[in-house]
$ cat target-v2.txt   # compact mmCIF, C-alpha atoms
# COMPACT_ATOMS: atom_id res chain seq x y z
CA MET A 1 90.96 84.99 109.15
CA GLY A 2 91.98 85.35 112.77
CA ARG A 3 91.40 88.60 114.60
CA ALA A 4 95.00 89.81 114.16
CA SER A 5 95.15 88.98 110.46
CA LYS A 6 91.76 90.62 109.86
CA ARG A 7 93.02 93.80 111.53
CA GLU A 8 96.09 93.60 109.30
CA GLU A 9 93.96 93.21 106.14
CA ILE A 10 91.80 96.17 107.11
CA ALA A 11 94.80 98.37 107.94
CA GLN A 12 96.50 97.55 104.62
CA ALA A 13 93.29 98.24 102.72
CA ALA A 14 92.84 101.51 104.63
CA LEU A 15 96.36 102.59 103.61
CA ARG A 16 95.71 101.84 99.93
CA GLN A 17 92.27 103.49 99.89
CA PHE A 18 93.30 106.64 101.80
CA HIS A 19 96.39 107.01 99.60
CA ALA A 20 94.45 106.59 96.34
CA ARG A 21 91.26 108.49 97.21
CA GLY A 22 92.12 110.89 100.04
CA PHE A 23 90.56 111.02 103.49
CA ASN A 24 87.10 112.44 102.85
CA ALA A 25 86.48 110.52 99.64
CA THR A 26 87.24 107.20 101.37
CA GLY A 27 84.28 105.51 103.04
CA ILE A 28 84.56 102.75 105.64
CA ASN A 29 82.75 100.69 103.02
CA ASP A 30 85.57 101.24 100.50
CA ILE A 31 88.03 99.94 103.05
CA THR A 32 86.09 96.86 104.13
CA THR A 33 85.15 96.00 100.52
CA ALA A 34 88.82 96.23 99.51
CA ALA A 35 89.78 94.10 102.51
CA GLY A 36 87.04 91.55 101.75
CA VAL A 37 85.51 91.78 105.22
CA PRO A 38 82.02 92.78 106.42
CA LYS A 39 81.54 96.54 106.85
CA GLY A 40 80.83 96.30 110.57
CA SER A 41 84.12 94.53 111.23
CA PHE A 42 86.06 97.78 110.76
CA TYR A 43 84.80 98.94 114.14
CA ASN A 44 85.93 95.73 115.83
CA HIS A 45 89.48 96.92 115.20
CA PHE A 46 89.34 100.74 114.94
CA SER A 47 87.21 103.13 116.95
CA SER A 48 86.86 105.59 114.07
CA LYS A 49 87.87 106.41 110.50
CA GLU A 50 90.40 108.85 111.99
CA GLU A 51 92.03 106.04 114.01
CA GLY A 52 92.21 103.99 110.82
CA ALA A 53 93.90 106.93 109.09
CA VAL A 54 96.52 107.23 111.84
CA GLU A 55 97.24 103.50 111.56
CA ALA A 56 97.50 103.84 107.74
CA LEU A 57 99.96 106.68 108.19
CA SER A 58 102.18 104.66 110.48
CA ARG A 59 102.27 101.82 107.91
CA TYR A 60 102.97 104.32 105.14
CA ALA A 61 105.96 105.72 107.05
CA ALA A 62 107.34 102.20 107.37
CA ALA A 63 107.38 101.95 103.54
CA LEU A 64 109.32 105.20 103.05
CA ARG A 65 112.60 103.34 103.57
CA PHE A 66 114.03 105.60 106.24
CA ASP A 67 116.56 102.78 106.69
CA MET A 68 118.19 103.90 103.41
CA LEU A 69 119.27 107.06 105.23
CA ALA A 70 121.41 104.92 107.54
CA THR A 71 122.95 102.33 105.16
CA PRO A 72 126.40 101.54 106.56
CA GLY A 73 129.47 102.16 104.40
CA GLN A 74 127.86 104.68 102.04
CA PRO A 75 128.73 108.42 102.15
CA ALA A 76 126.01 110.46 103.87
CA LEU A 77 124.89 112.58 100.90
CA GLU A 78 124.79 109.52 98.62
CA ARG A 79 122.42 107.87 101.10
CA LEU A 80 120.23 110.96 101.11
CA ARG A 81 120.11 110.96 97.30
CA ALA A 82 119.39 107.21 97.17
CA HIS A 83 116.52 107.68 99.63
CA PHE A 84 114.85 110.40 97.53
CA GLU A 85 115.59 108.53 94.30
CA HIS A 86 113.72 105.57 95.80
CA LEU A 87 110.75 107.84 96.58
CA GLY A 88 111.01 109.51 93.16
CA ARG A 89 110.93 106.16 91.32
CA ASP A 90 107.75 105.32 93.18
CA THR A 91 105.95 108.43 91.96
CA LEU A 92 107.34 108.09 88.40
CA ASP A 93 106.27 104.43 88.21
CA ASN A 94 102.78 105.38 89.36
CA GLY A 95 102.27 108.12 86.76
CA PHE A 96 102.57 110.93 89.35
CA VAL A 97 99.43 109.98 91.25
CA ARG A 98 98.81 109.57 94.99
CA GLY A 99 101.68 111.74 96.24
CA CYS A 100 102.79 111.41 99.88
CA LEU A 101 100.10 110.22 102.29
CA ALA A 102 101.45 112.48 105.06
CA GLY A 103 101.39 115.53 102.78
CA ASN A 104 97.91 114.62 101.52
CA PHE A 105 96.55 114.32 105.05
CA SER A 106 98.23 117.61 105.96
CA ALA A 107 96.60 119.38 102.99
CA GLU A 108 93.18 117.83 103.45
CA VAL A 109 92.69 117.04 107.14
CA ALA A 110 95.30 118.76 109.37
CA ASP A 111 93.15 121.87 109.88
CA HIS A 112 90.15 119.79 110.95
CA ASN A 113 91.42 116.85 112.96
CA GLU A 114 93.98 117.15 115.73
CA GLU A 115 94.63 113.39 115.98
CA ILE A 116 95.60 113.15 112.32
CA ARG A 117 97.54 116.43 112.37
CA SER A 118 99.60 115.18 115.33
CA ALA A 119 100.34 111.90 113.56
CA VAL A 120 101.47 113.75 110.40
CA ARG A 121 103.58 116.06 112.51
CA ARG A 122 105.29 113.16 114.27
CA GLY A 123 106.04 111.61 110.89
CA PHE A 124 107.52 114.84 109.50
CA ASP A 125 109.54 115.39 112.69
CA GLN A 126 110.98 111.88 112.56
CA TRP A 127 111.88 112.31 108.89
CA ALA A 128 113.46 115.74 109.41
CA THR A 129 115.51 114.38 112.32
CA LEU A 130 116.88 111.58 110.15
CA ILE A 131 117.70 113.95 107.28
CA ARG A 132 119.40 116.32 109.71
CA ARG A 133 121.53 113.46 111.04
CA VAL A 134 122.68 112.67 107.49
CA LEU A 135 123.58 116.34 106.87
CA THR A 136 125.50 116.56 110.15
CA GLU A 137 127.40 113.42 109.24
CA ALA A 138 128.23 114.93 105.82
CA GLN A 139 129.57 118.03 107.56
CA GLU A 140 131.70 115.91 109.89
CA ALA A 141 133.10 114.07 106.85
CA GLY A 142 133.94 117.40 105.19
CA ASP A 143 131.43 116.80 102.37
CA LEU A 144 129.16 119.71 103.28
CA ASP A 145 129.75 123.34 104.22
CA ASN A 146 129.78 123.58 108.03
CA ALA A 147 128.03 126.95 107.83
CA LEU A 148 124.80 125.30 106.62
CA ASP A 149 122.28 125.08 109.46
CA THR A 150 121.36 121.39 109.30
CA ALA A 151 118.01 121.72 111.12
CA THR A 152 116.85 124.43 108.70
CA ALA A 153 118.17 122.55 105.67
CA ALA A 154 116.56 119.26 106.74
CA LEU A 155 113.15 120.86 107.23
CA PHE A 156 113.54 122.69 103.93
CA ILE A 157 114.48 119.53 102.00
CA LEU A 158 111.53 117.60 103.44
CA SER A 159 109.15 120.47 102.59
CA ALA A 160 110.59 120.86 99.10
CA TRP A 161 110.06 117.14 98.48
CA GLU A 162 106.43 117.37 99.58
CA GLY A 163 105.98 120.36 97.29
CA ALA A 164 107.63 118.60 94.33
CA LEU A 165 105.08 115.78 94.62
CA ILE A 166 102.24 118.35 94.75
CA THR A 167 103.33 120.12 91.56
CA ALA A 168 104.27 116.84 89.80
CA ARG A 169 100.70 115.63 90.28
CA ALA A 170 99.25 118.79 88.75
CA GLU A 171 101.78 118.82 85.90
CA LYS A 172 101.77 115.04 85.39
CA SER A 173 105.45 115.48 84.75
CA ALA A 174 108.76 114.51 86.28
CA ALA A 175 110.05 118.08 85.94
CA PRO A 176 109.31 119.12 89.56
CA VAL A 177 111.07 115.99 90.90
CA GLU A 178 114.05 116.60 88.59
CA ALA A 179 114.17 120.24 89.73
CA PHE A 180 114.24 119.00 93.35
CA PHE A 181 117.32 116.86 92.68
CA ARG A 182 119.13 119.54 90.69
CA ILE A 183 118.62 122.36 93.17
CA VAL A 184 118.89 120.38 96.42
CA PHE A 185 121.93 118.29 95.51
CA ASP A 186 123.75 120.53 93.02
CA VAL A 187 123.11 123.87 94.73
CA VAL A 188 121.93 123.66 98.37
CA LEU A 189 124.07 120.71 99.44
CA CYS A 190 126.93 121.59 97.13
CA LYS A 191 127.80 125.04 98.26
CA GLY A 192 126.14 125.79 101.59
CA PRO A 193 125.18 129.33 102.62
CA SER A 194 127.20 132.44 101.95
CA MET B 195 70.55 140.64 93.86
CA GLY B 196 70.89 140.73 90.10
CA ARG B 197 72.05 137.66 88.22
CA ALA B 198 75.66 138.89 87.89
CA SER B 199 75.97 139.86 91.55
CA LYS B 200 74.44 136.54 92.66
CA ARG B 201 77.01 134.66 90.58
CA GLU B 202 79.68 136.80 92.21
CA GLU B 203 78.39 136.04 95.72
CA ILE B 204 78.31 132.31 94.99
CA ALA B 205 81.81 132.31 93.48
CA GLN B 206 83.26 134.20 96.46
CA ALA B 207 81.54 131.83 98.88
CA ALA B 208 82.81 128.84 96.88
CA LEU B 209 86.37 130.16 97.15
CA ARG B 210 86.11 130.58 100.93
CA GLN B 211 84.43 127.22 101.51
CA PHE B 212 86.76 125.19 99.25
CA HIS B 213 89.79 126.89 100.80
CA ALA B 214 88.65 126.28 104.38
CA ARG B 215 87.15 122.78 104.01
CA GLY B 216 88.73 121.21 100.93
CA PHE B 217 86.94 119.96 97.82
CA ASN B 218 85.23 116.78 99.01
CA ALA B 219 84.20 118.15 102.40
CA THR B 220 82.45 121.13 100.77
CA GLY B 221 78.85 120.59 99.78
CA ILE B 222 76.91 122.81 97.37
CA ASN B 223 74.75 123.53 100.41
CA ASP B 224 77.76 124.93 102.32
CA ILE B 225 78.41 127.31 99.43
CA THR B 226 74.84 128.52 98.95
CA THR B 227 74.28 128.88 102.70
CA ALA B 228 77.47 130.96 103.00
CA ALA B 229 76.37 133.04 100.01
CA GLY B 230 72.87 133.48 101.44
CA VAL B 231 71.15 132.16 98.30
CA PRO B 232 68.80 129.20 97.70
CA LYS B 233 70.60 125.89 97.15
CA GLY B 234 69.20 125.42 93.64
CA SER B 235 70.58 128.77 92.49
CA PHE B 236 74.13 127.35 92.39
CA TYR B 237 73.22 125.45 89.24
CA ASN B 238 71.86 128.58 87.58
CA HIS B 239 75.45 129.80 87.45
CA PHE B 240 77.69 126.71 87.48
CA SER B 241 77.09 123.39 85.78
CA SER B 242 78.83 121.38 88.50
CA LYS B 243 80.77 121.57 91.76
CA GLU B 244 83.92 121.06 89.66
CA GLU B 245 83.13 124.13 87.55
CA GLY B 246 82.64 126.10 90.78
CA ALA B 247 86.03 124.87 91.97
CA VAL B 248 87.74 126.02 88.76
CA GLU B 249 86.12 129.45 89.14
CA ALA B 250 87.23 129.58 92.81
CA LEU B 251 90.77 128.76 91.73
CA SER B 252 90.85 131.56 89.19
CA ARG B 253 89.70 134.04 91.87
CA TYR B 254 92.26 132.64 94.29
CA ALA B 255 95.06 133.19 91.78
CA ALA B 256 93.97 136.82 91.42
CA ALA B 257 94.57 137.28 95.19
CA LEU B 258 98.12 135.88 95.10
CA ARG B 259 99.45 139.30 94.10
CA PHE B 260 101.43 138.19 91.07
CA ASP B 261 101.62 141.91 90.34
CA MET B 262 104.17 142.22 93.18
CA LEU B 263 106.57 140.23 91.00
CA ALA B 264 106.52 143.07 88.47
CA THR B 265 106.59 146.22 90.66
CA PRO B 266 108.54 148.85 88.70
CA GLY B 267 111.70 150.31 90.20
CA GLN B 268 112.41 147.49 92.67
CA PRO B 269 115.32 145.04 92.18
CA ALA B 270 114.10 141.66 90.87
CA LEU B 271 115.06 139.49 93.85
CA GLU B 272 113.57 142.02 96.29
CA ARG B 273 110.27 141.76 94.41
CA LEU B 274 110.42 137.98 94.62
CA ARG B 275 111.03 138.15 98.37
CA ALA B 276 108.24 140.70 98.87
CA HIS B 277 105.84 138.44 96.97
CA PHE B 278 106.57 135.42 99.16
CA GLU B 279 106.63 137.56 102.32
CA HIS B 280 103.12 138.68 101.39
CA LEU B 281 102.03 135.04 101.03
CA GLY B 282 103.87 134.10 104.23
CA ARG B 283 102.13 136.83 106.25
CA ASP B 284 98.81 135.46 105.08
CA THR B 285 99.51 131.97 106.42
CA LEU B 286 101.06 133.31 109.67
CA ASP B 287 98.06 135.60 110.29
CA ASN B 288 95.70 132.69 109.76
CA GLY B 289 97.45 130.34 112.21
CA PHE B 290 98.87 128.11 109.45
CA VAL B 291 95.51 126.87 108.22
CA ARG B 292 94.07 126.60 104.69
CA GLY B 293 97.39 126.51 102.81
CA CYS B 294 97.36 127.21 99.06
CA LEU B 295 94.11 126.39 97.27
CA ALA B 296 96.00 125.22 94.16
CA GLY B 297 98.21 122.90 96.22
CA ASN B 298 95.20 121.61 98.15
CA PHE B 299 93.29 120.81 94.97
CA SER B 300 96.41 119.15 93.56
CA ALA B 301 96.76 116.94 96.64
CA GLU B 302 93.07 116.08 96.94
CA VAL B 303 91.52 116.20 93.46
CA ALA B 304 94.18 116.26 90.68
CA ASP B 305 94.26 112.46 90.38
CA HIS B 306 90.49 112.26 90.04
CA ASN B 307 89.33 115.22 88.00
CA GLU B 308 91.00 116.34 84.80
CA GLU B 309 89.20 119.70 84.66
CA ILE B 310 90.50 120.72 88.10
CA ARG B 311 93.97 119.28 87.47
CA SER B 312 94.26 121.32 84.25
CA ALA B 313 93.21 124.48 86.07
CA VAL B 314 95.77 123.89 88.84
CA ARG B 315 98.43 123.18 86.23
CA ARG B 316 97.66 126.41 84.36
CA GLY B 317 97.96 128.31 87.64
CA PHE B 318 101.31 126.72 88.51
CA ASP B 319 102.61 127.28 84.97
CA GLN B 320 101.63 130.96 85.05
CA TRP B 321 103.28 131.38 88.45
CA ALA B 322 106.49 129.57 87.43
CA THR B 323 106.71 131.71 84.29
CA LEU B 324 106.50 134.90 86.33
CA ILE B 325 109.10 133.68 88.85
CA ARG B 326 111.38 132.65 86.00
CA ARG B 327 111.08 136.13 84.48
CA VAL B 328 112.17 137.68 87.81
CA LEU B 329 115.18 135.33 88.00
CA THR B 330 116.21 136.10 84.41
CA GLU B 331 115.96 139.80 85.16
CA ALA B 332 118.14 139.31 88.25
CA GLN B 333 120.73 137.54 86.10
CA GLU B 334 120.66 140.36 83.55
CA ALA B 335 121.22 142.86 86.38
CA GLY B 336 124.18 140.83 87.64
CA ASP B 337 122.41 139.97 90.91
CA LEU B 338 122.22 136.23 90.27
CA ASP B 339 124.68 133.62 89.01
CA ASN B 340 124.14 133.20 85.25
CA ALA B 341 124.82 129.48 85.56
CA LEU B 342 121.55 128.93 87.46
CA ASP B 343 118.93 127.42 85.16
CA THR B 344 116.04 129.81 85.72
CA ALA B 345 113.29 127.43 84.54
CA THR B 346 114.47 124.73 86.95
CA ALA B 347 114.93 127.21 89.80
CA ALA B 348 111.50 128.80 89.27
CA LEU B 349 109.72 125.44 89.33
CA PHE B 350 111.73 124.42 92.38
CA ILE B 351 110.94 127.63 94.28
CA LEU B 352 107.21 127.31 93.53
CA SER B 353 107.24 123.64 94.63
CA ALA B 354 109.26 124.42 97.77
CA TRP B 355 106.72 127.08 98.71
CA GLU B 356 103.83 124.65 98.29
CA GLY B 357 105.70 122.15 100.45
CA ALA B 358 106.47 124.74 103.14
CA LEU B 359 102.74 125.43 103.50
CA ILE B 360 102.06 121.68 103.75
CA THR B 361 104.57 121.12 106.57
CA ALA B 362 103.66 124.41 108.31
CA ARG B 363 100.06 123.19 108.58
CA ALA B 364 101.12 119.91 110.16
CA GLU B 365 103.64 121.58 112.48
CA LYS B 366 101.45 124.62 113.21
CA SER B 367 104.70 126.51 113.13
CA ALA B 368 106.41 129.19 111.07
CA ALA B 369 109.61 127.13 110.94
CA PRO B 370 109.01 125.64 107.45
CA VAL B 371 108.23 129.09 106.03
CA GLU B 372 111.34 130.55 107.69
CA ALA B 373 113.41 127.65 106.32
CA PHE B 374 112.05 128.44 102.84
CA PHE B 375 113.28 132.05 103.05
CA ARG B 376 116.66 131.13 104.49
CA ILE B 377 117.50 128.42 101.98
CA VAL B 378 115.91 129.95 98.87
CA PHE B 379 117.19 133.50 99.32
CA ASP B 380 120.43 132.95 101.27
CA VAL B 381 121.60 129.79 99.51
CA VAL B 382 119.88 129.05 96.17
CA LEU B 383 119.59 132.61 94.91
CA CYS B 384 122.73 133.78 96.59
CA LYS B 385 125.31 131.48 95.13
CA GLY B 386 123.85 129.67 92.16
CA PRO B 387 125.06 126.20 91.11
CA SER B 388 128.63 125.03 91.22
$ encode --input "target-v2.txt" --output "structure tokens"
Amino acid sequence: MGRASKREEIAQAALRQFHARGFNATGINDITTAAGVPKGSFYNHFSSKEEGAVEALSRYAAALRFDMLATPGQPALERLRAHFEHLGRDTLDNGFVRGCLAGNFSAEVADHNEEIRSAVRRGFDQWATLIRRVLTEAQEAGDLDNALDTATAALFILSAWEGALITARAEKSAAPVEAFFRIVFDVVLCKGPS
Amino acid sequence: MGRASKREEIAQAALRQFHARGFNATGINDITTAAGVPKGSFYNHFSSKEEGAVEALSRYAAALRFDMLATPGQPALERLRAHFEHLGRDTLDNGFVRGCLAGNFSAEVADHNEEIRSAVRRGFDQWATLIRRVLTEAQEAGDLDNALDTATAALFILSAWEGALITARAEKSAAPVEAFFRIVFDVVLCKGPS
């Protein structure tokens, strides 16, 4: 493998290991073994486990299909639903394990590592901005109550999704994800505030 | 210290250490040092770190003030708000660290340890049942739309709270907690479904 492709292999393995095991339970050895490279080679590409985690997070965000929020020709709220249905299928297909890597890092590492916390925060901020844009577009199209504060609603929806994955993992059940869809789409985005 | 009080010291220390550090980052040594007891004494009272974590979780649940959900003489939705305001003050006062121990264990350990997952699940189920009871009471008093499915709404509210703590930790900001109050109390519980 060339240097670039070896870095790629290690980064992909880091993403899979961190997502399956969590930050503290993942050793550099787990990552290099999964990547099929010598243990020492991790440090040829990343200065620390934390830097590997930040790289894993950036690759994870790329798989969240933020592009679905901007599909041309589809009504805004349908795009939002399709985006979360995509994420929901992923957790259902996996038997409710692993959750969201950003949420996992927030729960496990954010209090203890500023580099990782900042990376998670940037990811959440980017996601909330995209959701807010969809909600604003829905308001402009007359599909959503103009009285709903889109910044508040976007942050709430993102948080509620993270929480649904947390409770779905404990319950090993789709009920929290189903409750997310019913309340967010049939109540919050249906009626707006009083 | 007598045997009972030593167990108590160890259990309290386990709760504080697991809540501050997470499951994998907490060693038995961290717990016994914090409790001021010899390392070996942990195993006189708990068969494993996992058993200590389950005991910590049960003590954590006792501090969540579920009793506030049942205060006599206060309207149901006001009790629900007071309960979450109590929890919100705790995270604000602590600078958005630590989150919810049940949510943390779900994110970090639920996929890997059935004993801990079951304990988290029992805690969430108990909490959702109590929230549902409050919502049903609010419906009976005419303070909440009867069309709202209380089981779905209770599970959603619990999940949304867990998620708000997750994003608040990454953002180091009260905004996710404020968004929870605005959307849950001013939208979801104000208007009910369409």
$ interface_residues --input "target-v2.txt" --of "chain B" --to "chain A" --cutoff "7 Å" --atoms "all atoms listed in the file" --output "count of residues only"
39
$ atom_distance --input "target-v2.txt" --atom1 "atom CA of A:Asp145" --atom2 "atom CA of A:Pro72"
22.2 Å
$ atom_distance --input "target-v2.txt" --atom1 "atom CA of A:Thr136" --atom2 "atom CA of B:Phe278"
28.9 Å
$ closest_residue --input "target-v2.txt" --among "B:Leu258, B:Leu209, B:Ile204, B:Leu329" --to "B:Glu272" --atoms "only C-alpha atoms"
B:Leu329
$ residues_around --input "target-v2.txt" --residues "stretch 40-52 of chain A" --least-positions-apart "4" --cutoff "9 Å" --atoms "only C-alpha atoms" --output "MDAnalysis selection string"
chainID A and resid 3 6:7 10:11 14:15 23 27:29 31:32 56:57 113 115:116
$ closest_residue --input "target-v2.txt" --among "B:Ala247, B:Tyr254, B:Glu202, B:Leu324" --to "B:His277" --atoms "only C-alpha atoms"
B:Leu324
$ decode --input "target-v2.txt" --residues "stretch 96-134 of chain A" --atoms "C-alpha atoms" --output "PDB file, in the first residue's frame"
ATOM      1  CA  PHE A  96     -29.885  -0.799  17.484  1.00  0.00           C
ATOM      2  CA  VAL A  97     -26.168  -0.938  18.185  1.00  0.00           C
ATOM      3  CA  ARG A  98     -23.438   1.684  17.718  1.00  0.00           C
ATOM      4  CA  GLY A  99     -25.672   4.776  17.756  1.00  0.00           C
ATOM      5  CA  CYS A 100     -24.282   8.061  16.411  1.00  0.00           C
ATOM      6  CA  LEU A 101     -20.499   8.432  16.608  1.00  0.00           C
ATOM      7  CA  ALA A 102     -20.806  12.160  17.364  1.00  0.00           C
ATOM      8  CA  GLY A 103     -23.264  11.510  20.199  1.00  0.00           C
ATOM      9  CA  ASN A 104     -21.105   8.678  21.535  1.00  0.00           C
ATOM     10  CA  PHE A 105     -18.004  10.865  21.593  1.00  0.00           C
ATOM     11  CA  SER A 106     -20.012  13.637  23.255  1.00  0.00           C
ATOM     12  CA  ALA A 107     -21.212  11.260  25.992  1.00  0.00           C
ATOM     13  CA  GLU A 108     -17.867   9.579  26.545  1.00  0.00           C
ATOM     14  CA  VAL A 109     -15.114  12.068  25.693  1.00  0.00           C
ATOM     15  CA  ALA A 110     -16.419  15.660  25.380  1.00  0.00           C
ATOM     16  CA  ASP A 111     -15.813  16.449  29.061  1.00  0.00           C
ATOM     17  CA  HIS A 112     -12.217  15.228  28.875  1.00  0.00           C
ATOM     18  CA  ASN A 113     -10.825  16.202  25.497  1.00  0.00           C
ATOM     19  CA  GLU A 114     -11.231  19.642  23.970  1.00  0.00           C
ATOM     20  CA  GLU A 115     -10.068  18.596  20.487  1.00  0.00           C
ATOM     21  CA  ILE A 116     -12.742  15.919  20.222  1.00  0.00           C
ATOM     22  CA  ARG A 117     -15.415  18.089  21.841  1.00  0.00           C
ATOM     23  CA  SER A 118     -14.735  20.855  19.291  1.00  0.00           C
ATOM     24  CA  ALA A 119     -14.973  18.388  16.415  1.00  0.00           C
ATOM     25  CA  VAL A 120     -18.305  17.030  17.712  1.00  0.00           C
ATOM     26  CA  ARG A 121     -19.563  20.564  18.181  1.00  0.00           C
ATOM     27  CA  ARG A 122     -18.646  21.537  14.619  1.00  0.00           C
ATOM     28  CA  GLY A 123     -20.487  18.460  13.363  1.00  0.00           C
ATOM     29  CA  PHE A 124     -23.619  19.254  15.379  1.00  0.00           C
ATOM     30  CA  ASP A 125     -23.495  22.914  14.316  1.00  0.00           C
ATOM     31  CA  GLN A 126     -23.216  21.982  10.637  1.00  0.00           C
ATOM     32  CA  TRP A 127     -26.105  19.540  10.967  1.00  0.00           C
ATOM     33  CA  ALA A 128     -28.323  22.010  12.857  1.00  0.00           C
ATOM     34  CA  THR A 129     -27.617  24.681  10.228  1.00  0.00           C
ATOM     35  CA  LEU A 130     -28.724  22.348   7.439  1.00  0.00           C
ATOM     36  CA  ILE A 131     -31.885  21.309   9.309  1.00  0.00           C
ATOM     37  CA  ARG A 132     -32.676  24.950  10.010  1.00  0.00           C
ATOM     38  CA  ARG A 133     -32.326  25.761   6.305  1.00  0.00           C
ATOM     39  CA  VAL A 134     -34.854  23.026   5.476  1.00  0.00           C
TER      40      VAL A 134
END
